[in-house]
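Shown below: query16.cif, with mmCIF, C-alpha atoms.
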```
data_upload
loop_
_atom_site.group_PDB
_atom_site.id
_atom_site.type_symbol
_atom_site.label_atom_id
_atom_site.label_comp_id
_atom_site.auth_asym_id
_atom_site.auth_seq_id
_atom_site.Cartn_x
_atom_site.Cartn_y
_atom_site.Cartn_z
ATOM 1 C CA HIS S 1 -31.735 32.349 -8.798
ATOM 2 C CA ARG S 2 -28.997 32.065 -11.412
ATOM 3 C CA HIS S 3 -26.721 30.864 -8.620
ATOM 4 C CA ARG S 4 -29.030 27.907 -8.056
ATOM 5 C CA LEU S 5 -28.916 27.116 -11.762
ATOM 6 C CA ASN S 6 -25.110 27.215 -11.851
ATOM 7 C CA LYS S 7 -24.466 25.461 -8.532
ATOM 8 C CA THR S 8 -22.201 22.506 -9.324
ATOM 9 C CA LEU S 9 -21.164 19.405 -7.404
ATOM 10 C CA HIS S 10 -18.238 17.439 -8.853
ATOM 11 C CA MET S 11 -16.705 14.421 -7.122
ATOM 12 C CA GLY S 12 -14.675 11.429 -8.239
ATOM 13 C CA LEU S 13 -13.077 8.206 -7.054
ATOM 14 C CA TYR S 14 -10.004 6.698 -8.737
ATOM 15 C CA VAL S 15 -8.474 3.281 -7.995
ATOM 16 C CA GLU S 16 -5.204 2.103 -9.536
ATOM 17 C CA THR S 17 -5.462 -1.609 -8.677
ATOM 18 C CA ALA S 18 -7.832 -3.707 -6.598
ATOM 19 C CA THR S 19 -8.191 -7.415 -5.856
ATOM 20 C CA TRP S 20 -11.351 -9.148 -4.651
ATOM 21 C CA THR S 21 -10.864 -12.657 -3.249
ATOM 22 C CA PHE S 22 -13.928 -14.860 -2.768
ATOM 23 C CA LYS S 23 -13.526 -17.293 0.126
ATOM 24 C CA LEU S 24 -15.615 -20.126 1.502
ATOM 25 C CA THR S 25 -16.087 -20.042 5.275
ATOM 26 C CA GLU S 26 -16.024 -23.359 7.140
ATOM 27 C CA SER S 27 -16.577 -24.165 10.809
ATOM 28 C CA VAL S 28 -13.808 -26.504 12.009
ATOM 29 C CA GLN S 29 -14.166 -28.370 15.312
ATOM 30 C CA ASP S 30 -10.988 -28.979 17.292
ATOM 31 C CA SER S 31 -10.217 -32.395 18.739
ATOM 32 C CA GLY S 32 -12.736 -33.380 21.358
ATOM 33 C CA TYR S 33 -16.449 -32.794 21.481
ATOM 34 C CA PHE S 34 -16.136 -29.696 23.657
ATOM 35 C CA GLY S 35 -13.216 -28.235 21.732
ATOM 36 C CA PRO S 36 -13.480 -24.683 20.427
ATOM 37 C CA THR S 37 -14.870 -24.028 16.976
ATOM 38 C CA LYS S 38 -12.620 -22.199 14.561
ATOM 39 C CA MET S 39 -13.326 -20.600 11.223
ATOM 40 C CA ARG S 40 -11.354 -21.613 8.161
ATOM 41 C CA PHE S 41 -11.380 -19.517 4.997
ATOM 42 C CA THR S 42 -10.713 -21.227 1.676
ATOM 43 C CA PRO S 43 -10.306 -18.961 -1.383
ATOM 44 C CA PHE S 44 -11.857 -20.229 -4.608
ATOM 45 C CA MET S 45 -11.985 -17.237 -6.991
ATOM 46 C CA ARG S 46 -10.179 -13.930 -7.471
ATOM 47 C CA VAL S 47 -11.224 -10.782 -9.346
ATOM 48 C CA GLU S 48 -8.576 -8.204 -10.229
ATOM 49 C CA HIS S 49 -9.072 -4.877 -11.962
ATOM 50 C CA GLN S 50 -6.810 -1.966 -12.833
ATOM 51 C CA GLY S 51 -7.518 1.640 -13.724
ATOM 52 C CA SER S 52 -10.987 2.171 -12.263
ATOM 53 C CA PHE S 53 -12.833 5.429 -11.737
ATOM 54 C CA ALA S 54 -16.256 6.844 -10.920
ATOM 55 C CA THR S 55 -17.253 10.498 -11.279
ATOM 56 C CA VAL S 56 -20.454 12.386 -10.533
ATOM 57 C CA VAL S 57 -21.273 15.909 -11.742
ATOM 58 C CA VAL S 58 -24.511 17.632 -10.700
ATOM 59 C CA ARG S 59 -25.143 20.960 -12.429
ATOM 60 C CA GLY S 60 -28.000 22.729 -10.665
ATOM 61 C CA LEU S 61 -31.349 21.340 -11.766
ATOM 62 C CA GLU S 62 -30.556 20.998 -15.437
ATOM 63 C CA ALA S 63 -27.891 18.279 -15.717
ATOM 64 C CA VAL S 64 -26.508 15.179 -14.000
ATOM 65 C CA ASN S 65 -23.601 13.196 -15.428
ATOM 66 C CA VAL S 66 -22.333 9.940 -13.902
ATOM 67 C CA GLN S 67 -19.401 8.098 -15.459
ATOM 68 C CA LEU S 68 -17.490 5.015 -14.397
ATOM 69 C CA GLY S 69 -15.020 2.683 -16.035
ATOM 70 C CA ILE S 70 -12.506 -0.140 -15.609
ATOM 71 C CA SER S 71 -9.376 -0.419 -17.753
ATOM 72 C CA THR S 72 -8.771 -4.148 -17.353
ATOM 73 C CA LEU S 73 -10.550 -6.900 -15.429
ATOM 74 C CA THR S 74 -9.747 -10.583 -14.930
ATOM 75 C CA VAL S 75 -11.530 -13.383 -13.075
ATOM 76 C CA ASP S 76 -9.191 -16.246 -12.100
ATOM 77 C CA PRO S 77 -9.715 -19.575 -10.310
ATOM 78 C CA VAL S 78 -8.058 -20.164 -6.944
ATOM 79 C CA GLY S 79 -7.604 -23.511 -5.212
ATOM 80 C CA HIS S 80 -9.897 -26.475 -5.757
ATOM 81 C CA CYS S 81 -13.307 -26.344 -7.369
ATOM 82 C CA MET S 82 -16.382 -26.342 -5.146
ATOM 83 C CA CYS S 83 -17.027 -29.989 -6.020
ATOM 84 C CA GLY S 84 -13.569 -30.972 -4.727
ATOM 85 C CA ILE S 85 -11.829 -31.523 -8.060
ATOM 86 C CA GLN S 86 -8.440 -29.898 -8.511
ATOM 87 C CA ASP S 87 -8.944 -27.981 -11.743
ATOM 88 C CA ILE S 88 -5.749 -25.911 -11.413
ATOM 89 C CA GLN S 89 -2.306 -27.386 -12.008
ATOM 90 C CA ASP S 90 0.440 -25.423 -10.301
ATOM 91 C CA GLY S 91 4.044 -25.350 -11.429
ATOM 92 C CA ASN S 92 5.265 -27.329 -14.452
ATOM 93 C CA VAL S 93 4.113 -30.412 -16.319
ATOM 94 C CA SER S 94 6.257 -33.027 -18.030
ATOM 95 C CA ALA S 95 6.772 -32.698 -21.777
ATOM 96 C CA GLY S 96 8.822 -35.886 -22.224
ATOM 97 C CA GLN S 97 12.578 -36.528 -22.276
ATOM 98 C CA ASP S 98 13.124 -34.813 -18.926
ATOM 99 C CA GLN S 99 11.581 -31.589 -20.202
ATOM 100 C CA THR S 100 8.957 -29.548 -18.432
ATOM 101 C CA ILE S 101 6.812 -26.666 -19.562
ATOM 102 C CA PRO S 102 5.144 -24.079 -17.313
ATOM 103 C CA VAL S 103 1.401 -24.337 -16.840
ATOM 104 C CA LYS S 104 -0.582 -21.224 -17.674
ATOM 105 C CA ILE S 105 -3.764 -20.789 -15.686
ATOM 106 C CA GLU S 106 -6.565 -19.717 -17.990
ATOM 107 C CA SER S 107 -8.682 -16.881 -16.669
ATOM 108 C CA PHE S 108 -12.418 -17.363 -16.567
ATOM 109 C CA LEU S 109 -12.827 -13.811 -17.852
ATOM 110 C CA SER S 110 -10.298 -11.431 -19.364
ATOM 111 C CA ILE S 111 -11.334 -8.038 -20.703
ATOM 112 C CA GLY S 112 -9.566 -4.768 -21.484
ATOM 113 C CA GLN S 113 -5.924 -3.780 -21.149
ATOM 114 C CA GLU S 114 -3.910 -1.840 -18.598
ATOM 115 C CA GLY S 115 -3.490 1.896 -19.036
ATOM 116 C CA GLN S 116 -3.468 5.290 -17.366
ATOM 117 C CA GLU S 117 -6.049 6.960 -19.594
ATOM 118 C CA TYR S 118 -8.663 6.580 -16.861
ATOM 119 C CA LEU S 119 -6.998 9.539 -15.099
ATOM 120 C CA SER S 120 -7.683 11.876 -18.021
ATOM 121 C CA ARG S 121 -9.841 14.932 -17.331
ATOM 122 C CA SER S 122 -9.132 14.638 -13.598
ATOM 123 C CA LEU S 123 -6.861 16.422 -11.133
ATOM 124 C CA PHE S 124 -4.504 13.436 -11.423
ATOM 125 C CA ASP S 125 -3.950 14.235 -15.103
ATOM 126 C CA PRO S 126 -0.693 16.223 -15.562
ATOM 127 C CA GLN S 127 -2.198 18.108 -18.498
ATOM 128 C CA VAL S 128 -5.105 19.256 -16.346
ATOM 129 C CA LEU S 129 -2.717 20.367 -13.603
ATOM 130 C CA MET S 130 -0.828 22.497 -16.125
ATOM 131 C CA GLU S 131 -4.093 24.209 -17.052
ATOM 132 C CA ALA S 132 -5.296 24.503 -13.447
ATOM 133 C CA GLN S 133 -5.275 28.290 -13.658
ATOM 134 C CA GLU S 134 -8.402 28.160 -15.803
ATOM 135 C CA LEU S 135 -11.869 27.369 -14.490
ATOM 136 C CA TRP S 136 -13.456 24.136 -15.627
ATOM 137 C CA GLU S 137 -16.285 24.453 -18.096
ATOM 138 C CA TYR S 138 -19.567 22.993 -16.834
ATOM 139 C CA SER S 139 -21.823 24.159 -19.642
ATOM 140 C CA TYR S 140 -23.889 21.141 -20.692
ATOM 141 C CA SER S 141 -25.782 20.553 -23.906
ATOM 142 C CA TRP S 142 -27.667 17.398 -24.880
ATOM 143 C CA ASP S 143 -26.494 17.364 -28.503
ATOM 144 C CA LYS S 144 -22.901 18.198 -27.575
ATOM 145 C CA HIS S 145 -22.693 15.476 -24.931
ATOM 146 C CA ILE S 146 -24.172 12.785 -27.194
ATOM 147 C CA LYS S 147 -21.815 13.778 -30.018
ATOM 148 C CA GLU S 148 -18.613 13.886 -27.946
ATOM 149 C CA THR S 149 -19.198 11.070 -25.431
ATOM 150 C CA THR S 150 -19.405 8.132 -27.807
ATOM 151 C CA GLU S 151 -18.858 4.453 -27.024
ATOM 152 C CA ALA S 152 -15.508 4.604 -28.852
ATOM 153 C CA ASN S 153 -14.303 7.517 -26.717
ATOM 154 C CA MET S 154 -15.553 5.837 -23.555
ATOM 155 C CA LEU S 155 -13.632 2.615 -24.286
ATOM 156 C CA ALA S 156 -10.544 4.606 -25.294
ATOM 157 C CA ARG S 157 -10.420 5.847 -21.704
ATOM 158 C CA THR S 158 -11.192 2.506 -20.023
ATOM 159 C CA GLY S 159 -10.972 -0.491 -22.330
ATOM 160 C CA ALA S 160 -12.818 -3.070 -20.214
ATOM 161 C CA VAL S 161 -16.050 -1.457 -19.036
ATOM 162 C CA ALA S 162 -17.363 2.078 -19.511
ATOM 163 C CA MET S 163 -20.648 3.589 -18.378
ATOM 164 C CA ASP S 164 -22.108 7.034 -18.984
ATOM 165 C CA TYR S 165 -25.394 8.319 -17.573
ATOM 166 C CA PHE S 166 -26.551 11.770 -18.631
ATOM 167 C CA TYR S 167 -29.724 13.556 -17.527
ATOM 168 C CA PHE S 168 -30.700 16.901 -18.991
ATOM 169 C CA MET S 169 -33.612 19.242 -18.345
ATOM 170 C CA ASP S 170 -34.176 21.971 -20.912
ATOM 171 C CA LEU S 171 -34.658 25.053 -18.740
ATOM 172 C CA PRO S 172 -35.574 28.372 -20.345
ATOM 173 C CA THR S 173 -32.985 31.110 -20.015
ATOM 174 C CA ASP S 174 -35.506 33.591 -18.604
ATOM 175 C CA VAL S 175 -36.855 31.329 -15.855
ATOM 176 C CA SER S 176 -37.882 33.300 -12.779
ATOM 177 C CA SER S 177 -36.902 32.582 -9.197
ATOM 178 C CA GLU S 178 -40.492 31.666 -8.296
ATOM 179 C CA LYS S 179 -40.740 29.253 -11.219
ATOM 180 C CA LEU S 180 -37.391 27.719 -10.320
ATOM 181 C CA SER S 181 -38.547 27.105 -6.752
ATOM 182 C CA GLU S 182 -41.718 25.495 -8.052
ATOM 183 C CA ILE S 183 -39.762 23.220 -10.374
ATOM 184 C CA SER S 184 -37.331 22.122 -7.661
ATOM 185 C CA THR S 185 -40.134 21.156 -5.266
ATOM 186 C CA ASP S 186 -42.396 19.352 -7.738
ATOM 187 C CA LEU S 187 -40.766 18.089 -10.929
ATOM 188 C CA GLU S 188 -43.744 15.914 -11.813
ATOM 189 C CA TYR S 189 -45.849 18.916 -12.776
ATOM 190 C CA SER S 190 -43.072 21.112 -14.148
ATOM 191 C CA ASN S 191 -43.852 20.377 -17.842
ATOM 192 C CA MET S 192 -40.159 20.803 -18.624
ATOM 193 C CA SER S 193 -38.489 18.744 -21.326
ATOM 194 C CA GLU S 194 -36.478 15.974 -19.627
ATOM 195 C CA LYS S 195 -34.181 13.458 -21.314
ATOM 196 C CA ALA S 196 -31.833 10.813 -19.950
ATOM 197 C CA VAL S 197 -29.575 8.204 -21.513
ATOM 198 C CA CYS S 198 -27.547 5.414 -19.918
ATOM 199 C CA ARG S 199 -24.878 3.781 -22.072
ATOM 200 C CA VAL S 200 -22.778 0.783 -21.053
ATOM 201 C CA ALA S 201 -19.946 -0.448 -23.275
ATOM 202 C CA PHE S 202 -17.800 -3.578 -22.917
ATOM 203 C CA GLY S 203 -14.456 -3.895 -24.686
ATOM 204 C CA ALA S 204 -12.941 -6.929 -26.383
ATOM 205 C CA SER S 205 -13.180 -9.876 -24.000
ATOM 206 C CA GLU S 206 -12.583 -13.603 -23.695
ATOM 207 C CA VAL S 207 -14.794 -15.829 -21.547
ATOM 208 C CA ASN S 208 -13.880 -19.436 -20.742
ATOM 209 C CA LEU S 209 -17.060 -21.300 -19.836
ATOM 210 C CA SER S 210 -15.829 -24.353 -17.948
ATOM 211 C CA SER S 211 -17.122 -26.579 -15.175
ATOM 212 C CA GLY S 212 -14.951 -24.764 -12.639
ATOM 213 C CA PHE S 213 -16.374 -21.385 -13.630
ATOM 214 C CA HIS S 214 -19.935 -22.727 -13.547
ATOM 215 C CA HIS S 215 -19.548 -24.273 -10.082
ATOM 216 C CA ARG S 216 -17.924 -21.155 -8.642
ATOM 217 C CA LEU S 217 -20.712 -18.937 -9.967
ATOM 218 C CA GLU S 218 -23.251 -21.362 -8.509
ATOM 219 C CA ALA S 219 -21.528 -21.067 -5.127
ATOM 220 C CA VAL S 220 -21.606 -17.257 -5.207
ATOM 221 C CA LEU S 221 -25.293 -17.165 -6.185
ATOM 222 C CA HIS S 222 -26.165 -19.737 -3.522
ATOM 223 C CA ALA S 223 -24.345 -17.711 -0.851
ATOM 224 C CA LEU S 224 -26.154 -14.534 -1.911
ATOM 225 C CA ASN S 225 -29.513 -16.252 -1.483
ATOM 226 C CA GLN S 226 -28.669 -17.492 2.028
ATOM 227 C CA HIS S 227 -28.791 -14.068 3.711
ATOM 228 C CA ASP S 228 -30.389 -13.834 7.155
ATOM 229 C CA TYR S 229 -31.121 -10.105 7.098
ATOM 230 C CA PRO S 230 -34.173 -8.258 5.783
ATOM 231 C CA PRO S 231 -34.029 -7.120 2.158
ATOM 232 C CA TYR S 232 -32.613 -3.689 1.433
ATOM 233 C CA PHE S 233 -35.784 -2.508 -0.273
ATOM 234 C CA MET S 234 -39.437 -3.351 0.196
ATOM 235 C CA PRO S 235 -41.813 -2.214 -2.550
ATOM 236 C CA PRO S 236 -44.438 0.115 -1.095
ATOM 237 C CA ASN S 237 -48.040 -0.993 -1.136
ATOM 238 C CA TYR S 238 -49.660 1.940 -2.871
ATOM 239 C CA GLU S 239 -53.370 1.742 -3.426
ATOM 240 C CA PRO S 240 -54.477 2.909 -6.864
ATOM 241 C CA PRO S 241 -56.103 6.346 -6.847
ATOM 242 C CA THR S 242 -59.857 6.556 -7.245
ATOM 243 C CA ASN S 243 -62.299 9.167 -8.555
ATOM 244 C CA LEU S 244 -59.785 10.742 -10.913
ATOM 245 C CA ALA S 245 -60.944 13.652 -13.015
ATOM 246 C CA VAL S 246 -60.814 13.324 -16.785
ATOM 247 C CA ALA S 247 -57.844 15.173 -18.281
ATOM 248 C CA THR S 248 -58.624 18.158 -20.464
ATOM 249 C CA GLU S 249 -57.393 18.523 -24.038
ATOM 250 C CA ASP S 250 -54.823 21.116 -22.971
ATOM 251 C CA GLU S 251 -53.453 18.805 -20.260
ATOM 252 C CA VAL S 252 -53.189 15.894 -22.691
ATOM 253 C CA ALA S 253 -51.402 18.066 -25.267
ATOM 254 C CA SER S 254 -48.999 19.344 -22.610
ATOM 255 C CA LEU S 255 -48.187 15.808 -21.467
ATOM 256 C CA GLU S 256 -47.605 14.592 -25.014
ATOM 257 C CA ALA S 257 -45.304 17.518 -25.757
ATOM 258 C CA ASN S 258 -43.209 17.068 -22.601
ATOM 259 C CA THR S 259 -43.010 13.309 -22.138
ATOM 260 C CA PRO S 260 -39.712 12.438 -20.386
ATOM 261 C CA ILE S 261 -37.442 10.200 -22.454
ATOM 262 C CA ARG S 262 -35.018 7.660 -20.962
ATOM 263 C CA SER S 263 -32.844 5.393 -23.110
ATOM 264 C CA TYR S 264 -30.639 2.419 -22.202
ATOM 265 C CA ILE S 265 -27.929 1.305 -24.627
ATOM 266 C CA VAL S 266 -25.584 -1.677 -24.126
ATOM 267 C CA THR S 267 -22.663 -2.229 -26.508
ATOM 268 C CA VAL S 268 -20.426 -5.324 -26.525
ATOM 269 C CA MET S 269 -17.267 -5.126 -28.649
ATOM 270 C CA GLU S 270 -15.664 -8.309 -30.041
ATOM 271 C CA PRO S 271 -16.640 -10.896 -27.415
ATOM 272 C CA THR S 272 -14.953 -14.314 -27.551
ATOM 273 C CA ILE S 273 -16.628 -17.219 -25.761
ATOM 274 C CA VAL S 274 -14.748 -20.515 -25.350
ATOM 275 C CA LEU S 275 -17.034 -23.388 -24.360
ATOM 276 C CA HIS S 276 -15.213 -26.223 -22.580
ATOM 277 C CA ALA S 277 -16.515 -29.758 -22.330
ATOM 278 C CA ALA S 278 -17.799 -30.669 -18.874
ATOM 279 C CA GLN S 279 -14.917 -31.967 -16.748
ATOM 280 C CA HIS S 280 -16.679 -32.118 -13.361
ATOM 281 C CA THR S 281 -19.691 -33.989 -12.096
ATOM 282 C CA ARG S 282 -22.922 -32.189 -11.328
ATOM 283 C CA SER S 283 -22.947 -30.791 -7.791
ATOM 284 C CA ASN S 284 -25.621 -29.710 -5.335
ATOM 285 C CA MET S 285 -24.433 -26.476 -3.709
ATOM 286 C CA LYS S 286 -26.958 -26.794 -0.887
ATOM 287 C CA TYR S 287 -25.488 -30.168 0.090
ATOM 288 C CA ILE S 288 -21.889 -28.925 -0.259
ATOM 289 C CA PHE S 289 -22.470 -25.875 1.934
ATOM 290 C CA SER S 290 -24.364 -27.823 4.604
ATOM 291 C CA ALA S 291 -21.645 -30.501 4.693
ATOM 292 C CA LYS S 292 -18.940 -27.893 5.240
ATOM 293 C CA ARG S 293 -20.926 -26.295 8.069
ATOM 294 C CA ARG S 294 -21.193 -29.669 9.856
ATOM 295 C CA LYS S 295 -17.434 -30.191 9.954
#
```
As structure tokens, please, write out the structure in this file.
Amino acid sequence: HRHRLNKTLHMGLYVETATWTFKLTESVQDSGYFGPTKMRFTPFMRVEHQGSFATVVVRGLEAVNVQLGISTLTVDPVGHCMCGIQDIQDGNVSAGQDQTIPVKIESFLSIGQEGQEYLSRSLFDPQVLMEAQELWEYSYSWDKHIKETTEANMLARTGAVAMDYFYFMDLPTDVSSEKLSEISTDLEYSNMSEKAVCRVAFGASEVNLSSGFHHRLEAVLHALNQHDYPPYFMPPNYEPPTNLAVATEDEVASLEANTPIRSYIVTVMEPTIVLHAAQHTRSNMKYIFSAKRRK
């Protein structure tokens, strides 16, 4: 049964750079009433991130550790705003006396900085490859993990976004094989001490709240609500139990002594929010989307 306690699953995903382009789909009718209908894709927002990773470690029944992070992330406008106003000036603008200056497009969101630290403690880390002759240590301890995996260390690895989820069950060292089988099949009545913590940390960021950003977010939310497929999850209709027996004093004491604990911690480091005056008129996304579909 010790093999079941020490059985370990470790997997990871690492991405150097990725770009997500949000596009608006329009139906365009060719000349003539019976002409074919074509689809036109108009980009309006782009999300770029560098140095991303996600790792999962499952250590038997006693520990689960999930970590993910992004080194740098930017959200930039593309093309015209949803309301039709050109809120991006390409190229140069005149500065007088036949002089021009380049136009810098302000990102809606900019957070973190580029780096390669996200590869640390992975098989892509040269230092780890040099020490590959040694077996990795998968001995978990609640106090040790909380002390070493701090928000500062998490953001030192990925400066934009860092997340750490750690679950730990305090199993006795002399647990028998029969008891282990009972625990694995029915954790609800195991009376084992269980603790879990989920920490999310955001690095220094700058957010430009402008009309263009507001309209683009409205368009994304409107598109998400226009799905024509059933929801991914339907809450089950459980009927409340009836004729429950009154708990004994020993059962109440056991429950109070072994109440599972789960904590959620969100940390935001040095956020900067720039609020721009409204430059665009108020728009109805339902009307805009329906008008584009009728073209």
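The two atoms in question, CA of Gln113 (chain S) and CA of Thr72 (chain S), are spaced 4.8 Å apart.
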| Nearest to Ala204 (chain S) by atom-to-atom distance, counting all atoms listed in the file, from S:Ser107, S:Thr267, S:Thr37, S:Thr281 | S:Thr267
Run the PyMOL selection byres ((chain S and resi 39) around 8) mentally over the shown coordinates, then write out the matched residues as a compact mmCIF listing (two decimals) with C-alpha atoms, in the frame of the given file, using the chain letters and numbers from the document.
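And here's selection34.txt as it stands now:
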```txt
# COMPACT_ATOMS: atom_id res chain seq x y z
CA THR S 25 -16.09 -20.04 5.28
CA GLU S 26 -16.02 -23.36 7.14
CA SER S 27 -16.58 -24.16 10.81
CA VAL S 28 -13.81 -26.50 12.01
CA THR S 37 -14.87 -24.03 16.98
CA LYS S 38 -12.62 -22.20 14.56
CA ARG S 40 -11.35 -21.61 8.16
CA PHE S 41 -11.38 -19.52 5.00
```
| query | Which residues come within 10 Å of Phe202 (chain S), counting only C-alpha atoms, excluding same-chain residues fewer than 6 positions away, as a list in words? | reply | Gly69, Ile70, Ile111, Gly112, Glu151, Met154, Leu155, Thr158, Gly159, Ala160, Val161, Ala162, Met163, Val266, Thr267, Val268, Met269, Glu270 and Pro271 of chain S
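Between CA of Phe44 (chain S) and CA of Gln279 (chain S) there is a distance of 17.2 Å.
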Please rebuild region 235-249 of chain S with N, CA and C atoms and return the result as a PDB file, in the coordinates of the input.
```pdb
ATOM      1  N   PRO S 235     -40.938  -3.038  -1.706  1.00  0.00           N
ATOM      2  CA  PRO S 235     -41.813  -2.214  -2.550  1.00  0.00           C
ATOM      3  C   PRO S 235     -43.007  -1.711  -1.761  1.00  0.00           C
ATOM      4  N   PRO S 236     -43.296  -0.426  -1.855  1.00  0.00           N
ATOM      5  CA  PRO S 236     -44.438   0.115  -1.095  1.00  0.00           C
ATOM      6  C   PRO S 236     -45.762  -0.400  -1.647  1.00  0.00           C
ATOM      7  N   ASN S 237     -46.704  -0.534  -0.754  1.00  0.00           N
ATOM      8  CA  ASN S 237     -48.040  -0.993  -1.136  1.00  0.00           C
ATOM      9  C   ASN S 237     -48.947   0.220  -1.347  1.00  0.00           C
ATOM     10  N   TYR S 238     -48.828   0.789  -2.545  1.00  0.00           N
ATOM     11  CA  TYR S 238     -49.660   1.940  -2.871  1.00  0.00           C
ATOM     12  C   TYR S 238     -51.006   1.463  -3.416  1.00  0.00           C
ATOM     13  N   GLU S 239     -52.048   2.042  -2.893  1.00  0.00           N
ATOM     14  CA  GLU S 239     -53.370   1.742  -3.426  1.00  0.00           C
ATOM     15  C   GLU S 239     -53.635   2.637  -4.631  1.00  0.00           C
ATOM     16  N   PRO S 240     -54.223   2.086  -5.672  1.00  0.00           N
ATOM     17  CA  PRO S 240     -54.477   2.909  -6.864  1.00  0.00           C
ATOM     18  C   PRO S 240     -55.441   4.040  -6.541  1.00  0.00           C
ATOM     19  N   PRO S 241     -55.204   5.208  -7.115  1.00  0.00           N
ATOM     20  CA  PRO S 241     -56.103   6.346  -6.847  1.00  0.00           C
ATOM     21  C   PRO S 241     -57.488   6.096  -7.431  1.00  0.00           C
ATOM     22  N   THR S 242     -58.460   6.698  -6.804  1.00  0.00           N
ATOM     23  CA  THR S 242     -59.857   6.556  -7.245  1.00  0.00           C
ATOM     24  C   THR S 242     -60.457   7.934  -7.506  1.00  0.00           C
ATOM     25  N   ASN S 243     -61.552   7.939  -8.250  1.00  0.00           N
ATOM     26  CA  ASN S 243     -62.299   9.167  -8.555  1.00  0.00           C
ATOM     27  C   ASN S 243     -61.407  10.226  -9.203  1.00  0.00           C
ATOM     28  N   LEU S 244     -60.645   9.799 -10.205  1.00  0.00           N
ATOM     29  CA  LEU S 244     -59.785  10.742 -10.913  1.00  0.00           C
ATOM     30  C   LEU S 244     -60.592  11.530 -11.932  1.00  0.00           C
ATOM     31  N   ALA S 245     -60.266  12.806 -12.036  1.00  0.00           N
ATOM     32  CA  ALA S 245     -60.944  13.652 -13.015  1.00  0.00           C
ATOM     33  C   ALA S 245     -60.391  13.387 -14.407  1.00  0.00           C
ATOM     34  N   VAL S 246     -61.233  13.534 -15.400  1.00  0.00           N
ATOM     35  CA  VAL S 246     -60.814  13.324 -16.785  1.00  0.00           C
ATOM     36  C   VAL S 246     -59.921  14.482 -17.221  1.00  0.00           C
ATOM     37  N   ALA S 247     -58.783  14.138 -17.842  1.00  0.00           N
ATOM     38  CA  ALA S 247     -57.844  15.173 -18.281  1.00  0.00           C
ATOM     39  C   ALA S 247     -58.445  15.990 -19.418  1.00  0.00           C
ATOM     40  N   THR S 248     -58.153  17.280 -19.403  1.00  0.00           N
ATOM     41  CA  THR S 248     -58.624  18.158 -20.464  1.00  0.00           C
ATOM     42  C   THR S 248     -57.732  18.023 -21.692  1.00  0.00           C
ATOM     43  N   GLU S 249     -58.180  18.589 -22.806  1.00  0.00           N
ATOM     44  CA  GLU S 249     -57.393  18.523 -24.038  1.00  0.00           C
ATOM     45  C   GLU S 249     -56.066  19.255 -23.885  1.00  0.00           C
TER      46      GLU S 249
END
```
